[in-house]
$ cat upload23.pdb   # PDB, C-alpha atoms, pLDDT in the B column
ATOM      1  CA  MET A   1       3.801  -7.298  20.222  1.00 55.00           C
ATOM      2  CA  LEU A   2       4.391  -3.618  20.885  1.00 71.00           C
ATOM      3  CA  SER A   3       3.104  -0.937  18.595  1.00 92.00           C
ATOM      4  CA  GLN A   4       4.609  -1.269  15.146  1.00 97.00           C
ATOM      5  CA  ARG A   5       4.607   0.881  12.030  1.00 97.00           C
ATOM      6  CA  THR A   6       3.987  -0.295   8.517  1.00 98.00           C
ATOM      7  CA  PHE A   7       3.660   1.324   5.126  1.00 98.00           C
ATOM      8  CA  SER A   8       0.799   1.168   2.666  1.00 98.00           C
ATOM      9  CA  ILE A   9      -0.250   2.728  -0.631  1.00 98.00           C
ATOM     10  CA  ILE A  10      -3.730   3.087  -2.027  1.00 98.00           C
ATOM     11  CA  LYS A  11      -2.879   2.384  -5.661  1.00 98.00           C
ATOM     12  CA  PRO A  12      -3.939   4.348  -8.783  1.00 98.00           C
ATOM     13  CA  ASP A  13      -6.747   1.932  -9.728  1.00 98.00           C
ATOM     14  CA  ALA A  14      -8.508   2.381  -6.384  1.00 98.00           C
ATOM     15  CA  VAL A  15      -7.983   6.168  -6.430  1.00 98.00           C
ATOM     16  CA  ARG A  16      -9.388   6.361  -9.986  1.00 98.00           C
ATOM     17  CA  LYS A  17     -12.459   4.358  -8.995  1.00 98.00           C
ATOM     18  CA  GLY A  18     -13.120   6.567  -5.962  1.00 98.00           C
ATOM     19  CA  TYR A  19     -12.406   3.887  -3.345  1.00 98.00           C
ATOM     20  CA  SER A  20      -9.824   5.809  -1.297  1.00 98.00           C
ATOM     21  CA  ALA A  21     -12.175   6.917   1.493  1.00 98.00           C
ATOM     22  CA  ALA A  22     -13.754   3.462   1.790  1.00 98.00           C
ATOM     23  CA  ILE A  23     -10.315   1.810   1.989  1.00 98.00           C
ATOM     24  CA  LEU A  24      -9.175   4.312   4.634  1.00 98.00           C
ATOM     25  CA  ALA A  25     -12.358   3.576   6.591  1.00 98.00           C
ATOM     26  CA  GLU A  26     -11.550  -0.176   6.503  1.00 98.00           C
ATOM     27  CA  ILE A  27      -8.017   0.542   7.731  1.00 98.00           C
ATOM     28  CA  GLU A  28      -9.235   2.708  10.615  1.00 98.00           C
ATOM     29  CA  LYS A  29     -12.015   0.264  11.502  1.00 98.00           C
ATOM     30  CA  ALA A  30      -9.322  -2.435  11.839  1.00 98.00           C
ATOM     31  CA  GLY A  31      -7.639  -0.362  14.560  1.00 98.00           C
ATOM     32  CA  PHE A  32      -4.814   1.247  12.612  1.00 98.00           C
ATOM     33  CA  LYS A  33      -3.717   4.775  13.459  1.00 97.00           C
ATOM     34  CA  ILE A  34      -2.860   6.797  10.356  1.00 97.00           C
ATOM     35  CA  VAL A  35       0.434   8.422  11.356  1.00 96.00           C
ATOM     36  CA  SER A  36       0.921  10.246   8.052  1.00 97.00           C
ATOM     37  CA  ILE A  37      -0.728  10.244   4.626  1.00 98.00           C
ATOM     38  CA  LYS A  38      -0.394  12.268   1.448  1.00 97.00           C
ATOM     39  CA  ARG A  39      -1.802  12.301  -2.068  1.00 98.00           C
ATOM     40  CA  LEU A  40       0.738  12.496  -4.846  1.00 97.00           C
ATOM     41  CA  SER A  41       1.697  11.262  -8.265  1.00 98.00           C
ATOM     42  CA  ILE A  42       5.045   9.612  -8.886  1.00 98.00           C
ATOM     43  CA  SER A  43       7.138   9.331 -12.039  1.00 98.00           C
ATOM     44  CA  LYS A  44       8.034   5.996 -13.603  1.00 98.00           C
ATOM     45  CA  ALA A  45      11.608   6.520 -12.315  1.00 98.00           C
ATOM     46  CA  GLN A  46      10.305   7.034  -8.761  1.00 97.00           C
ATOM     47  CA  ALA A  47       8.182   3.881  -9.083  1.00 98.00           C
ATOM     48  CA  GLU A  48      11.247   1.977 -10.312  1.00 97.00           C
ATOM     49  CA  GLY A  49      13.218   3.173  -7.286  1.00 97.00           C
ATOM     50  CA  PHE A  50      10.455   2.126  -4.921  1.00 97.00           C
ATOM     51  CA  TYR A  51      10.039  -1.334  -6.482  1.00 95.00           C
ATOM     52  CA  TYR A  52      13.768  -1.879  -7.188  1.00 95.00           C
ATOM     53  CA  VAL A  53      13.623  -5.298  -5.453  1.00 92.00           C
ATOM     54  CA  HIS A  54      11.430  -6.506  -8.330  1.00 94.00           C
ATOM     55  CA  ALA A  55      13.631  -5.089 -11.121  1.00 96.00           C
ATOM     56  CA  ALA A  56      14.485  -8.527 -12.538  1.00 97.00           C
ATOM     57  CA  ARG A  57      10.901  -9.788 -12.461  1.00 96.00           C
ATOM     58  CA  PRO A  58       8.862  -9.959 -15.677  1.00 95.00           C
ATOM     59  CA  PHE A  59       6.093  -7.728 -14.292  1.00 94.00           C
ATOM     60  CA  PHE A  60       8.444  -4.853 -13.310  1.00 96.00           C
ATOM     61  CA  GLY A  61       7.775  -2.636 -16.336  1.00 96.00           C
ATOM     62  CA  GLU A  62       4.017  -3.087 -16.120  1.00 95.00           C
ATOM     63  CA  LEU A  63       4.036  -2.486 -12.350  1.00 95.00           C
ATOM     64  CA  THR A  64       6.059   0.736 -12.499  1.00 97.00           C
ATOM     65  CA  GLU A  65       4.015   2.004 -15.466  1.00 97.00           C
ATOM     66  CA  PHE A  66       0.808   1.334 -13.505  1.00 97.00           C
ATOM     67  CA  MET A  67       2.051   2.890 -10.248  1.00 98.00           C
ATOM     68  CA  SER A  68       3.005   6.086 -12.111  1.00 98.00           C
ATOM     69  CA  SER A  69      -0.309   6.217 -14.025  1.00 98.00           C
ATOM     70  CA  GLY A  70      -2.205   8.394 -11.548  1.00 98.00           C
ATOM     71  CA  PRO A  71      -2.439   9.693  -7.994  1.00 98.00           C
ATOM     72  CA  ILE A  72      -1.637   7.406  -5.055  1.00 98.00           C
ATOM     73  CA  PHE A  73      -2.018   7.716  -1.289  1.00 98.00           C
ATOM     74  CA  PRO A  74       1.155   6.550   0.478  1.00 98.00           C
ATOM     75  CA  MET A  75       0.675   6.276   4.240  1.00 98.00           C
ATOM     76  CA  VAL A  76       2.318   5.221   7.458  1.00 98.00           C
ATOM     77  CA  LEU A  77       0.130   3.129   9.753  1.00 98.00           C
ATOM     78  CA  GLU A  78       0.617   2.110  13.355  1.00 97.00           C
ATOM     79  CA  LYS A  79      -0.851  -0.518  15.678  1.00 97.00           C
ATOM     80  CA  ASP A  80       0.211  -3.654  17.512  1.00 96.00           C
ATOM     81  CA  ASN A  81       1.350  -6.269  14.985  1.00 97.00           C
ATOM     82  CA  ALA A  82       0.780  -3.752  12.172  1.00 98.00           C
ATOM     83  CA  ILE A  83       2.645  -5.538   9.352  1.00 98.00           C
ATOM     84  CA  ALA A  84       0.924  -8.917   9.718  1.00 97.00           C
ATOM     85  CA  ASP A  85      -2.468  -7.368  10.493  1.00 98.00           C
ATOM     86  CA  LEU A  86      -2.383  -5.121   7.425  1.00 98.00           C
ATOM     87  CA  ARG A  87      -1.418  -8.034   5.171  1.00 98.00           C
ATOM     88  CA  LYS A  88      -4.364 -10.011   6.531  1.00 98.00           C
ATOM     89  CA  LEU A  89      -6.703  -7.021   6.035  1.00 98.00           C
ATOM     90  CA  MET A  90      -5.475  -6.506   2.456  1.00 98.00           C
ATOM     91  CA  GLY A  91      -6.045 -10.125   1.409  1.00 98.00           C
ATOM     92  CA  ALA A  92      -4.294 -12.196  -1.249  1.00 96.00           C
ATOM     93  CA  THR A  93      -2.483 -10.395  -4.085  1.00 94.00           C
ATOM     94  CA  ASN A  94      -4.946 -12.004  -6.492  1.00 95.00           C
ATOM     95  CA  PRO A  95      -8.370 -10.624  -5.507  1.00 96.00           C
ATOM     96  CA  ALA A  96     -10.022 -13.792  -6.827  1.00 95.00           C
ATOM     97  CA  GLN A  97      -8.229 -15.722  -4.070  1.00 96.00           C
ATOM     98  CA  ALA A  98      -8.665 -13.080  -1.359  1.00 96.00           C
ATOM     99  CA  GLU A  99     -10.858 -13.877   1.630  1.00 97.00           C
ATOM    100  CA  GLU A 100     -14.304 -12.285   1.918  1.00 97.00           C
ATOM    101  CA  GLY A 101     -14.192  -8.970   3.735  1.00 97.00           C
ATOM    102  CA  THR A 102     -10.611  -8.119   2.749  1.00 98.00           C
ATOM    103  CA  ILE A 103      -9.757  -4.876   0.969  1.00 98.00           C
ATOM    104  CA  ARG A 104      -8.685  -6.645  -2.223  1.00 98.00           C
ATOM    105  CA  LYS A 105     -11.836  -8.796  -2.306  1.00 97.00           C
ATOM    106  CA  LYS A 106     -13.957  -5.647  -2.036  1.00 98.00           C
ATOM    107  CA  PHE A 107     -12.003  -3.145  -4.140  1.00 98.00           C
ATOM    108  CA  ALA A 108      -9.468  -4.847  -6.449  1.00 97.00           C
ATOM    109  CA  SER A 109     -10.098  -6.034  -9.988  1.00 94.00           C
ATOM    110  CA  SER A 110      -6.986  -8.083 -10.841  1.00 95.00           C
ATOM    111  CA  ILE A 111      -3.512  -9.158  -9.692  1.00 92.00           C
ATOM    112  CA  GLY A 112      -2.059  -6.115 -11.457  1.00 91.00           C
ATOM    113  CA  GLU A 113      -4.702  -3.653 -10.259  1.00 95.00           C
ATOM    114  CA  ASN A 114      -5.080  -4.860  -6.698  1.00 97.00           C
ATOM    115  CA  ALA A 115      -5.985  -1.561  -4.969  1.00 98.00           C
ATOM    116  CA  ILE A 116      -3.445  -1.531  -2.139  1.00 98.00           C
ATOM    117  CA  HIS A 117       0.186  -2.169  -1.236  1.00 97.00           C
ATOM    118  CA  GLY A 118       1.457  -3.095   2.202  1.00 97.00           C
ATOM    119  CA  SER A 119       4.952  -3.795   3.520  1.00 97.00           C
ATOM    120  CA  ASP A 120       5.818  -7.468   4.008  1.00 96.00           C
ATOM    121  CA  ALA A 121       8.473  -7.154   6.735  1.00 96.00           C
ATOM    122  CA  GLU A 122      10.041  -4.669   9.169  1.00 96.00           C
ATOM    123  CA  ASP A 123      13.062  -3.892   6.985  1.00 96.00           C
ATOM    124  CA  THR A 124      10.813  -3.384   3.937  1.00 96.00           C
ATOM    125  CA  ALA A 125       8.518  -1.105   5.962  1.00 97.00           C
ATOM    126  CA  ALA A 126      11.495   0.973   7.108  1.00 96.00           C
ATOM    127  CA  PHE A 127      12.754   1.416   3.523  1.00 96.00           C
ATOM    128  CA  GLU A 128       9.278   2.168   2.138  1.00 97.00           C
ATOM    129  CA  ILE A 129       8.413   4.694   4.870  1.00 97.00           C
ATOM    130  CA  GLY A 130      11.739   6.462   4.293  1.00 96.00           C
ATOM    131  CA  TYR A 131      11.157   6.506   0.523  1.00 97.00           C
ATOM    132  CA  PHE A 132       7.999   8.613   0.844  1.00 97.00           C
ATOM    133  CA  PHE A 133       8.178  10.342   4.232  1.00 96.00           C
ATOM    134  CA  ALA A 134      10.761  12.553   5.933  1.00 90.00           C
ATOM    135  CA  GLY A 135      11.244  12.111   9.669  1.00 83.00           C
ATOM    136  CA  HIS A 136       9.443  15.363  10.533  1.00 84.00           C
ATOM    137  CA  GLU A 137       6.275  13.993   8.866  1.00 86.00           C
ATOM    138  CA  LEU A 138       6.139  11.041  11.266  1.00 86.00           C
ATOM    139  CA  LYS A 139       5.607  12.575  14.708  1.00 74.00           C
TER     140      LYS A 139
END

$ encode --input "upload23.pdb" --output "structure tokens"
Amino acid sequence: MLSQRTFSIIKPDAVRKGYSAAILAEIEKAGFKIVSIKRLSISKAQAEGFYYVHAARPFFGELTEFMSSGPIFPMVLEKDNAIADLRKLMGATNPAQAEEGTIRKKFASSIGENAIHGSDAEDTAAFEIGYFFAGHELK
């Protein structure tokens, strides 16, 4: 597959614990190019807008509260087969079930605080990239 872009966030739990640099190192070691990255904090309303697809789910309130609880690192990544490769690198949503060597196995503490987000499909990636990055930031 040709070069593809995906979107990821280092979540507040990992930032709080000082894992951001180690997670970025894992991402780069896996062959991803970091196209754009920034450190910011988002409001609960911004988190709700980002996770709108989960609005009806029981964990929505907890998720948006958590994602607005501290700084995050949203980023755009690029490589061949980026979406599938990042999901494999991240590991299962539940770190207890994640494979050895994955980011969540190494850095996550629970399903709720699982260190990293990654897009699950091309249309999701496009929406998520556009939510955090303007076109001029993606050269």

$ atom_distance --input "upload23.pdb" --atom1 "CA of Glu26 (chain A)" --atom2 "CA of Phe7 (chain A)"
15.3 Å

$ resolve_selection --input "upload23.pdb" --expression "the PyMOL selection byres ((chain A and resi 85-87) around 12)" --output "PyMOL selection string"
chain A and resi 1+3-9+23-24+26-33+76-84+88-93+98-99+102-104+116-121+125

$ residues_around --input "upload23.pdb" --residues "Arg16 (chain A)" --least-positions-apart "2" --cutoff "10 Å" --atoms "all atoms listed in the file" --output "list in words"
Lys11, Pro12, Asp13, Ala14, Gly18, Tyr19, Ser20, Ser69, Gly70, Pro71, Ile72 and Ala115 of chain A

$ write_last_selection --input "upload23.pdb" --atoms "C-alpha atoms" --output "mmCIF file, in the coordinates of the input"
data_model
loop_
_atom_site.group_PDB
_atom_site.id
_atom_site.type_symbol
_atom_site.label_atom_id
_atom_site.label_comp_id
_atom_site.auth_asym_id
_atom_site.auth_seq_id
_atom_site.Cartn_x
_atom_site.Cartn_y
_atom_site.Cartn_z
ATOM 1 C CA LYS A 11 -2.879 2.384 -5.661
ATOM 2 C CA PRO A 12 -3.939 4.348 -8.783
ATOM 3 C CA ASP A 13 -6.747 1.932 -9.728
ATOM 4 C CA ALA A 14 -8.508 2.381 -6.384
ATOM 5 C CA GLY A 18 -13.120 6.567 -5.962
ATOM 6 C CA TYR A 19 -12.406 3.887 -3.345
ATOM 7 C CA SER A 20 -9.824 5.809 -1.297
ATOM 8 C CA SER A 69 -0.309 6.217 -14.025
ATOM 9 C CA GLY A 70 -2.205 8.394 -11.548
ATOM 10 C CA PRO A 71 -2.439 9.693 -7.994
ATOM 11 C CA ILE A 72 -1.637 7.406 -5.055
ATOM 12 C CA ALA A 115 -5.985 -1.561 -4.969
#

$ axis_aligned_box --input "upload23.pdb" --around "region 101-112 of chain A" --padding-each-side "4 Å" --output "AutoDock Vina command-line options"
--center_x -8.1 --center_y -6.2 --center_z -3.9 --size_x 20.1 --size_y 14.0 --size_z 23.2

$ atom_distance --input "upload23.pdb" --atom1 "CA of Pro74 (chain A)" --atom2 "CA of Leu40 (chain A)"
8.0 Å

$ residues_around --input "upload23.pdb" --residues "Glu48 (chain A)" --least-positions-apart "5" --cutoff "10 Å" --atoms "only C-alpha atoms" --output "PyMOL selection string"
chain A and resi 42-43+53-55+60-61+63-65+67-68

$ write_last_selection --input "upload23.pdb" --atoms "C-alpha atoms" --output "CSV table (one decimal), in the coordinates of the input"
chain,number,residue,atom,x,y,z
A,42,ILE,CA,5.0,9.6,-8.9
A,43,SER,CA,7.1,9.3,-12.0
A,53,VAL,CA,13.6,-5.3,-5.5
A,54,HIS,CA,11.4,-6.5,-8.3
A,55,ALA,CA,13.6,-5.1,-11.1
A,60,PHE,CA,8.4,-4.9,-13.3
A,61,GLY,CA,7.8,-2.6,-16.3
A,63,LEU,CA,4.0,-2.5,-12.4
A,64,THR,CA,6.1,0.7,-12.5
A,65,GLU,CA,4.0,2.0,-15.5
A,67,MET,CA,2.1,2.9,-10.2
A,68,SER,CA,3.0,6.1,-12.1

$ atom_distance --input "upload23.pdb" --atom1 "CA of Ala108 (chain A)" --atom2 "CA of Ala22 (chain A)"
12.5 Å

$ resolve_selection --input "upload23.pdb" --expression "the PyMOL selection byres ((chain A and resi 131) around 12)" --output "JSON, numbers by chain"
{"A": [7, 8, 42, 46, 47, 48, 49, 50, 51, 52, 74, 75, 76, 124, 125, 126, 127, 128, 129, 130, 132, 133, 134, 135]}

$ write_last_selection --input "upload23.pdb" --atoms "C-alpha atoms" --output "compact mmCIF listing (two decimals), in the coordinates of the input"
# COMPACT_ATOMS: atom_id res chain seq x y z
CA PHE A 7 3.66 1.32 5.13
CA SER A 8 0.80 1.17 2.67
CA ILE A 42 5.04 9.61 -8.89
CA GLN A 46 10.30 7.03 -8.76
CA ALA A 47 8.18 3.88 -9.08
CA GLU A 48 11.25 1.98 -10.31
CA GLY A 49 13.22 3.17 -7.29
CA PHE A 50 10.46 2.13 -4.92
CA TYR A 51 10.04 -1.33 -6.48
CA TYR A 52 13.77 -1.88 -7.19
CA PRO A 74 1.16 6.55 0.48
CA MET A 75 0.68 6.28 4.24
CA VAL A 76 2.32 5.22 7.46
CA THR A 124 10.81 -3.38 3.94
CA ALA A 125 8.52 -1.10 5.96
CA ALA A 126 11.50 0.97 7.11
CA PHE A 127 12.75 1.42 3.52
CA GLU A 128 9.28 2.17 2.14
CA ILE A 129 8.41 4.69 4.87
CA GLY A 130 11.74 6.46 4.29
CA PHE A 132 8.00 8.61 0.84
CA PHE A 133 8.18 10.34 4.23
CA ALA A 134 10.76 12.55 5.93
CA GLY A 135 11.24 12.11 9.67

$ build_atoms --input "upload23.pdb" --residues "region 80-103 of chain A" --atoms "N, CA and C atoms" --output "compact mmCIF listing (two decimals), in the frame of the given file"
# COMPACT_ATOMS: atom_id res chain seq x y z
N ASP A 80 -0.48 -2.44 17.12
CA ASP A 80 0.21 -3.65 17.51
C ASP A 80 0.17 -4.62 16.34
N ASN A 81 1.30 -5.26 16.04
CA ASN A 81 1.35 -6.27 14.98
C ASN A 81 0.91 -5.71 13.62
N ALA A 82 1.28 -4.47 13.35
CA ALA A 82 0.78 -3.75 12.17
C ALA A 82 1.06 -4.46 10.84
N ILE A 83 2.28 -4.96 10.65
CA ILE A 83 2.64 -5.54 9.35
C ILE A 83 1.78 -6.75 9.04
N ALA A 84 1.72 -7.70 9.95
CA ALA A 84 0.92 -8.92 9.72
C ALA A 84 -0.57 -8.60 9.64
N ASP A 85 -1.04 -7.70 10.50
CA ASP A 85 -2.47 -7.37 10.49
C ASP A 85 -2.89 -6.67 9.20
N LEU A 86 -2.03 -5.79 8.68
CA LEU A 86 -2.38 -5.12 7.42
C LEU A 86 -2.41 -6.12 6.28
N ARG A 87 -1.45 -7.05 6.26
CA ARG A 87 -1.42 -8.03 5.17
C ARG A 87 -2.68 -8.90 5.20
N LYS A 88 -3.13 -9.23 6.39
CA LYS A 88 -4.36 -10.01 6.53
C LYS A 88 -5.57 -9.18 6.05
N LEU A 89 -5.61 -7.91 6.44
CA LEU A 89 -6.70 -7.02 6.04
C LEU A 89 -6.73 -6.81 4.52
N MET A 90 -5.54 -6.73 3.91
CA MET A 90 -5.48 -6.51 2.46
C MET A 90 -6.00 -7.71 1.69
N GLY A 91 -5.65 -8.91 2.12
CA GLY A 91 -6.04 -10.12 1.41
C GLY A 91 -5.01 -10.52 0.38
N ALA A 92 -5.23 -11.65 -0.26
CA ALA A 92 -4.29 -12.20 -1.25
C ALA A 92 -4.06 -11.22 -2.39
N THR A 93 -2.84 -11.27 -2.96
CA THR A 93 -2.48 -10.40 -4.08
C THR A 93 -3.49 -10.53 -5.22
N ASN A 94 -3.93 -11.76 -5.47
CA ASN A 94 -4.95 -12.00 -6.49
C ASN A 94 -6.32 -11.87 -5.81
N PRO A 95 -7.09 -10.83 -6.18
CA PRO A 95 -8.37 -10.62 -5.51
C PRO A 95 -9.33 -11.82 -5.62
N ALA A 96 -9.17 -12.62 -6.66
CA ALA A 96 -10.02 -13.79 -6.83
C ALA A 96 -9.78 -14.81 -5.72
N GLN A 97 -8.58 -14.79 -5.14
CA GLN A 97 -8.23 -15.72 -4.07
C GLN A 97 -8.30 -15.07 -2.68
N ALA A 98 -8.62 -13.79 -2.64
CA ALA A 98 -8.66 -13.08 -1.36
C ALA A 98 -9.91 -13.49 -0.57
N GLU A 99 -9.74 -13.52 0.76
CA GLU A 99 -10.86 -13.88 1.63
C GLU A 99 -11.94 -12.81 1.60
N GLU A 100 -13.18 -13.22 1.82
CA GLU A 100 -14.30 -12.28 1.92
C GLU A 100 -13.98 -11.25 2.99
N GLY A 101 -14.38 -10.02 2.74
CA GLY A 101 -14.19 -8.97 3.74
C GLY A 101 -12.86 -8.26 3.65
N THR A 102 -11.91 -8.79 2.87
CA THR A 102 -10.61 -8.12 2.75
C THR A 102 -10.71 -6.95 1.76
N ILE A 103 -9.77 -6.05 1.85
CA ILE A 103 -9.76 -4.88 0.97
C ILE A 103 -9.69 -5.30 -0.50
